[in-house]
Amino acid sequence: MILGLDVGGTQTDAVLIDENGVLIETKTPTGEDLLETLRVALEKTISDVDPRQIDRMAFSTTLATNAIVQNNLEKAGMIVSAGPGMDPSWFAVGPSYHTVEGCIDHQGFDATPLSERSVRDAARRIWNSGIKFLGVVTKFSVRNPIHETQISDWIGDAFSYVALGHRVSGILNFPRRIATTYLNAALYDVHLKFSNALTHILNERNLEAPRFLLKPDGGTMALENCSDLPARTAQSGPAASVMGALALDGCKGTTLVLDIGGTTTDMSVVLNGVPLRAPYGIRLGSFRTLIRSLLTRSIGLGGDSEVRVGNDGSIKIGPERKGKPVALGGAVPTPTDAMVALGLLDTGSRDAAKAIMENLGIRLGLDGRATAKYILEHVAKVISDAARSFIDYINSRPVYTIHEVLREQKIEPGAVVIIGGPANQIGRFVGKAMGLPYRVPPHFGVANAVGAAVARVTSEITLHADTERGTVIIPEANFQKSIDGRFSTDDALTLGRGVLRQKALQSGADPETLEMFITHRKTFNMIRGFSRTGQNIRLDMCIAPGLIPGWRRSP
Amino acid sequence: MLRAVRRTGLVFFPAFDWAISPTHPEREERLLYTQDQVMEEGLLDVEGLVEYRVRPARFEDIQRVHFCIPNEQTVTTESHLISAGGCLVAADAVLKGEVESAFALVRPPGHHAKTVVHGNRGFCNINIEAVMIEYLRDTYGINRVAIVDTDCHHGDGTQDIYWHDPDTLFISLHQDGRTLYPGSGFPNESGGPNAQGLTVNIPLPPHTGESGFLYTLNSLVMPLLKKFEPELVINSAGQDNHFTDPITNMNFSARGYAQLTARLKPDIAVLEGGYAVESALPYVNVGVIMAMAGMDTTHVKEPNYDRDYKPQPSNITEYIEKLVTELKGLFLEGKLEPTHYEAGEIVERSRDIYYDTDGIHERQQERVRCCRDCAGALAIESTSSLGRHILGVHIPRRSCSACRKTALSWCEAGSRGPFDHIYLQDRPQGIYERMK
């Protein structure tokens, strides 16, 4: 059996599943204390289960997100070397940010050596302000991390933890590398404490199965391996839902997934069983990062959004949420009240819901029933318009080769899968507004917990080989070696596969079922003067988000 | 969060799968390191810098500008259509008001492509700026346009296309033609009978540096623009004046390009040449993008700038000051004596044109009707070493009825002549046809 648990903003969902489907599903209000919430949810879900029967546990938590949003981060200092370009002071972050001289160019050459003295000066100032955690980032460190490792060698011992920029991701984006490295340094201690406490809770209950945390890219990684780069586990909630929809529905063809909640609706697209990923990384509060995530868009509209009718008879729903629906004792009308008034949903006081619909109807010139229907149609229209604009956005992403311009494969969903609380009530309205068939899978209310439970380990590598410089590097795997002019695209593939396999296994992947994708592959001849001096090989590979082997869609 | 002062569109199309030939400067690798640098700087995360997806231009977009011999299919590849289309996307973004300015960072380039196209000249097949400008004129009703060509090579193609157009000011700053391809672009080339003084060539001496370029811009180019009062300023933004460029001899820098762009404030910039793919383009492009967005470019420079950049020698400074004074006299102070032509007079010129990339020789005989009311009826007879003999007739935008009549009569006469093909470019009616 597998335990899956997703901590949401207001509710924590947990499931216990086996190959036949969902056995137990529970909901627990999310409290102030994350560990306490986890303890209660566990108790509710597995109190009657023999812990030895559980062979996998996966958690999607709000730990990192909350720490960032509530500014509950450890103080972390930064030492940054930029070289020419944008002014590095524009990316200053944290309480003690220092730039030092030095420059690695785009090919990875050491164009201006580091100044050891200014590095030691910066470190001293950080240390003197009582800071124990350090982030070190240099421009183009993913091409050559020498300056980052030099800084770490010189002064790293003085700190409890040093986060290095090139380990975060192989993607080129210096400002995001700075932000992400800072978060990893600042979250290190918070995460370590959480991880130890969670381990303790699980051990107490004799739960000894492998433990995983969900990441925002819809993949998992082993709990004991998260501590180095803890920011990777932030904001996994939307990914949990998408993976749940994938697990419960299968999402064949091109599928639009809608997760309709109380205050927001999240949308994403699944292409033949593989969710689309965002190009760079997730945004956490004010930080743009290099943390891989699924491509999702969120709008401020859900079952409990405020419904307002303007004097001109126009209707506006969301993005505000002002307490409970009227049917449940609240003061402000919501789409949930419209569902209750129409008899689509049996909760709270139907009379109260009907009364507020009648009341709103006066200004619309409609009776209560027509008002309720009008509200749900309007919700569906807003969601449908937003989904359309999301798809247009996906289709308008730039491409850089003639082949891609001419091929022009447009994403066009053939169906909508709807999950989340009001999925059943609002589904047909949304399906109609979009002009697409819609499906509401079983257990749609706990799809997120199911998603966490069955998401497999994801991993990726960014390989860059330059035979002129004589180097191949895979920064996020801490791999670098010398090559000669004979190193070929085939050699790159063989190397990439091996390193990705190793990296995935370290994250807890199942060695029997590693499915690797090549996401980008291009080889350029390097010409200097009029003759070839080398090859520039770029290869990105990943283990895309997907379901663990053995998971069968529940009947 | 970082914000652009001016909302700026970026159309990036590096054509990673296209080259003239495997070792040609115009090859797949050309914008690879530029892309690396732009990505690493995180420029696309700047609020107000908007990246657009390219679309291919249509043959009609090309027909407004060129006579393609024998036809568009033969002299273009997909890459040319997409490069030109990238400029159209940039133009749309600006004219629709989505952005204040836009930079089409596309390849292959276009400014050596003249009105008649038999093949590739100076790495160019079709003139992507001209295709964009004529599209703008038809789509958005733009009339007066100024082009400032800052590529190191004389923009002879653009000059040829706008030679007769009184609504287009063409200014080219380039390395003196006595020392560099294509060998033209001297001050006495100043526009046809109907557009005298609207072609301004500024041949700068080899080793011109930051101070020389910026001095020329401030003392000559900006006043010329002010006087012409264009609705749009287009920058043919070649980057081969760089001190590391392998095929030129100038002494410009990324910092200089950034300052030039910030001062010129083009509505649309279009990449032209620039072949120091590792040592110049990554830094120049970052500088140009940031300058267009109105950002501070103080920290933009090449890693080897402090060591390798040599300021402009004083004899070059003196030469440039003298040149600029002379050109100011001609073009700003009325010393350029216009040649007098009678309205209705037909003026002819004949030329030999060499297509260096494709090794084609072309012989042209051109006639234009002198006119005070429009750009004048234009006919070009062209024979190339490929063996084709053609006639191209152009009825200008906003043509007067006399010029239309003249042009149509030339077509009529031509149909009895010895031509393999006859082309008509009827700009007012939007009819572009090969009549034979």
# chains A, B, ... in the order shown; residues from 1 in each chain; ligands from 1
$ interface_residues --of "chain B" --to "chain A" --cutoff "6 Å" --atoms "only C-alpha atoms" --output "NGL selection string"
:B and (13-17 or 23 or 39-42 or 53 or 299-301)
$ select_by_dssp --residues "range 103-228 of chain B" --states "helix (DSSP H, G or I)" --output "ChimeraX atom specification"
/B:128-140,156-162,210-228
$ write_last_selection --atoms "C-alpha atoms" --output "PDB file, in the first residue's frame"
ATOM      1  CA  ILE B 128      14.417  42.613 -44.667  1.00  0.00           C
ATOM      2  CA  GLU B 129      14.189  46.280 -43.591  1.00  0.00           C
ATOM      3  CA  ALA B 130      12.599  47.330 -46.885  1.00  0.00           C
ATOM      4  CA  VAL B 131      10.160  44.412 -46.750  1.00  0.00           C
ATOM      5  CA  MET B 132       9.214  45.577 -43.256  1.00  0.00           C
ATOM      6  CA  ILE B 133       8.909  49.271 -44.180  1.00  0.00           C
ATOM      7  CA  GLU B 134       6.673  48.651 -47.194  1.00  0.00           C
ATOM      8  CA  TYR B 135       4.542  46.307 -45.076  1.00  0.00           C
ATOM      9  CA  LEU B 136       4.221  49.070 -42.470  1.00  0.00           C
ATOM     10  CA  ARG B 137       3.233  51.581 -45.121  1.00  0.00           C
ATOM     11  CA  ASP B 138       0.531  49.320 -46.515  1.00  0.00           C
ATOM     12  CA  THR B 139      -0.748  48.036 -43.184  1.00  0.00           C
ATOM     13  CA  TYR B 140      -0.558  51.067 -40.914  1.00  0.00           C
ATOM     14  CA  ASP B 156      23.974  49.558 -50.837  1.00  0.00           C
ATOM     15  CA  GLY B 157      20.850  47.410 -51.199  1.00  0.00           C
ATOM     16  CA  THR B 158      18.730  49.682 -49.056  1.00  0.00           C
ATOM     17  CA  GLN B 159      20.186  52.728 -50.813  1.00  0.00           C
ATOM     18  CA  ASP B 160      19.198  51.252 -54.168  1.00  0.00           C
ATOM     19  CA  ILE B 161      15.633  50.488 -53.086  1.00  0.00           C
ATOM     20  CA  TYR B 162      15.028  53.987 -51.661  1.00  0.00           C
ATOM     21  CA  GLU B 210      33.620  54.993 -29.807  1.00  0.00           C
ATOM     22  CA  SER B 211      34.271  58.746 -29.873  1.00  0.00           C
ATOM     23  CA  GLY B 212      34.121  58.926 -33.675  1.00  0.00           C
ATOM     24  CA  PHE B 213      30.834  57.077 -33.964  1.00  0.00           C
ATOM     25  CA  LEU B 214      29.158  59.009 -31.175  1.00  0.00           C
ATOM     26  CA  TYR B 215      30.466  62.326 -32.496  1.00  0.00           C
ATOM     27  CA  THR B 216      29.077  61.556 -35.959  1.00  0.00           C
ATOM     28  CA  LEU B 217      25.774  60.482 -34.485  1.00  0.00           C
ATOM     29  CA  ASN B 218      25.386  63.591 -32.363  1.00  0.00           C
ATOM     30  CA  SER B 219      26.700  66.169 -34.836  1.00  0.00           C
ATOM     31  CA  LEU B 220      25.255  64.852 -38.067  1.00  0.00           C
ATOM     32  CA  VAL B 221      22.793  61.965 -37.806  1.00  0.00           C
ATOM     33  CA  MET B 222      20.560  63.348 -35.057  1.00  0.00           C
ATOM     34  CA  PRO B 223      20.212  66.796 -36.728  1.00  0.00           C
ATOM     35  CA  LEU B 224      19.434  65.098 -40.056  1.00  0.00           C
ATOM     36  CA  LEU B 225      16.666  63.092 -38.382  1.00  0.00           C
ATOM     37  CA  LYS B 226      15.331  66.181 -36.677  1.00  0.00           C
ATOM     38  CA  LYS B 227      15.182  68.004 -39.997  1.00  0.00           C
ATOM     39  CA  PHE B 228      13.436  65.137 -41.823  1.00  0.00           C
TER      40      PHE B 228
END
$ closest_residue --among "B:Arg427, B:Lys322, B:Arg404, B:His153" --to "Arg178 in chain B" --atoms "only C-alpha atoms"
B:His153
$ residues_around --residues "range 242-251 of chain B" --least-positions-apart "6" --cutoff "9 Å" --atoms "only C-alpha atoms" --output "JSON, numbers by chain"
{"A": [529], "B": [152, 153, 175, 179, 180, 204, 205, 206, 207, 208, 209, 210, 257, 274, 275, 276, 277, 279, 280, 281, 284, 308, 309, 310, 311, 312]}
$ residues_around --residues "Met221 in chain A" --least-positions-apart "4" --cutoff "6 Å" --atoms "only C-alpha atoms" --output "ChimeraX atom specification"
/A:212-213,457,507
$ closest_residue --among "B:Leu49, B:Leu332, B:Leu327, B:Ala113" --to "Ala93 in chain B" --atoms "only C-alpha atoms"
B:Leu49
$ closest_residue --among "B:Ala254, B:Val368, B:Val116, B:Leu336" --to "Thr199 in chain B" --atoms "only C-alpha atoms"
B:Leu336
$ residues_around --residues "Glu189 in chain B" --least-positions-apart "2" --cutoff "8 Å" --atoms "only C-alpha atoms" --output "list in words"
Gly185, Phe186, Pro187, Gly191, Thr199, Val200 and Asn201 of chain B
$ write_last_selection --atoms "C-alpha atoms" --output "compact mmCIF listing (two decimals), in the first residue's frame"
# COMPACT_ATOMS: atom_id res chain seq x y z
CA GLY B 185 28.71 54.68 -50.20
CA PHE B 186 30.42 58.01 -50.89
CA PRO B 187 28.95 61.43 -50.13
CA GLY B 191 19.68 60.22 -54.05
CA THR B 199 20.52 59.46 -49.26
CA VAL B 200 23.33 60.41 -46.90
CA ASN B 201 26.53 58.37 -46.92
$ residues_around --residues "Pro442 in chain A" --least-positions-apart "4" --cutoff "12 Å" --atoms "only C-alpha atoms" --output "list in words"
Gly21, Val22, Glu25, Gly244, Ala245, Leu246, Ala247, Leu248, Asp249, Gly250, Val417, Ile418, Ile419, Gly420, Ala423, Asn424, Val446, Ala447, Val450, Arg553, Ser554 and Pro555 of chain A
$ residues_around --residues "Thr458 in chain A" --least-positions-apart "6" --cutoff "8 Å" --atoms "only C-alpha atoms" --output "PDB file with N, CA and C atoms, in the first residue's frame"
ATOM      1  N   ASP A 217       7.668  20.029 -10.104  1.00  0.00           N
ATOM      2  CA  ASP A 217       7.670  19.524 -11.482  1.00  0.00           C
ATOM      3  C   ASP A 217       6.878  18.233 -11.605  1.00  0.00           C
ATOM      4  N   GLY A 218       6.149  17.857 -10.541  1.00  0.00           N
ATOM      5  CA  GLY A 218       5.331  16.660 -10.613  1.00  0.00           C
ATOM      6  C   GLY A 218       6.107  15.385 -10.362  1.00  0.00           C
ATOM      7  N   GLY A 219       7.339  15.526  -9.919  1.00  0.00           N
ATOM      8  CA  GLY A 219       8.141  14.350  -9.604  1.00  0.00           C
ATOM      9  C   GLY A 219       8.427  14.302  -8.115  1.00  0.00           C
ATOM     10  N   THR A 220       8.929  13.156  -7.674  1.00  0.00           N
ATOM     11  CA  THR A 220       9.271  13.018  -6.263  1.00  0.00           C
ATOM     12  C   THR A 220      10.775  12.869  -6.123  1.00  0.00           C
ATOM     13  N   MET A 221      11.236  13.034  -4.906  1.00  0.00           N
ATOM     14  CA  MET A 221      12.612  12.638  -4.599  1.00  0.00           C
ATOM     15  C   MET A 221      12.685  12.165  -3.157  1.00  0.00           C
ATOM     16  N   ALA A 504      19.232   9.885 -10.993  1.00  0.00           N
ATOM     17  CA  ALA A 504      17.869   9.466 -10.671  1.00  0.00           C
ATOM     18  C   ALA A 504      17.865   8.406  -9.577  1.00  0.00           C
ATOM     19  N   ALA A 509      14.886   6.674  -7.533  1.00  0.00           N
ATOM     20  CA  ALA A 509      14.128   6.130  -8.667  1.00  0.00           C
ATOM     21  C   ALA A 509      14.249   4.614  -8.719  1.00  0.00           C
ATOM     22  N   CYS A 542      15.912  14.226 -19.582  1.00  0.00           N
ATOM     23  CA  CYS A 542      15.191  14.197 -18.310  1.00  0.00           C
ATOM     24  C   CYS A 542      14.449  12.881 -18.149  1.00  0.00           C
ATOM     25  N   ILE A 543      14.090  12.631 -16.921  1.00  0.00           N
ATOM     26  CA  ILE A 543      13.075  11.634 -16.634  1.00  0.00           C
ATOM     27  C   ILE A 543      11.846  12.460 -16.323  1.00  0.00           C
ATOM     28  N   ALA A 544      10.914  12.443 -17.258  1.00  0.00           N
ATOM     29  CA  ALA A 544       9.757  13.332 -17.185  1.00  0.00           C
ATOM     30  C   ALA A 544       8.816  12.882 -16.071  1.00  0.00           C
ATOM     31  N   PRO A 545       7.971  13.790 -15.592  1.00  0.00           N
ATOM     32  CA  PRO A 545       6.988  13.385 -14.589  1.00  0.00           C
ATOM     33  C   PRO A 545       6.087  12.278 -15.131  1.00  0.00           C
TER      34      PRO A 545
END
$ closest_residue --among "A:Ala231, A:Ala197, A:Met434, A:Ala465" --to "Phe479 in chain A" --atoms "only C-alpha atoms"
A:Ala465
$ closest_residue --among "A:Pro422, A:Ile178, A:Pro413, A:Thr513" --to "Leu345 in chain A" --atoms "only C-alpha atoms"
A:Pro422
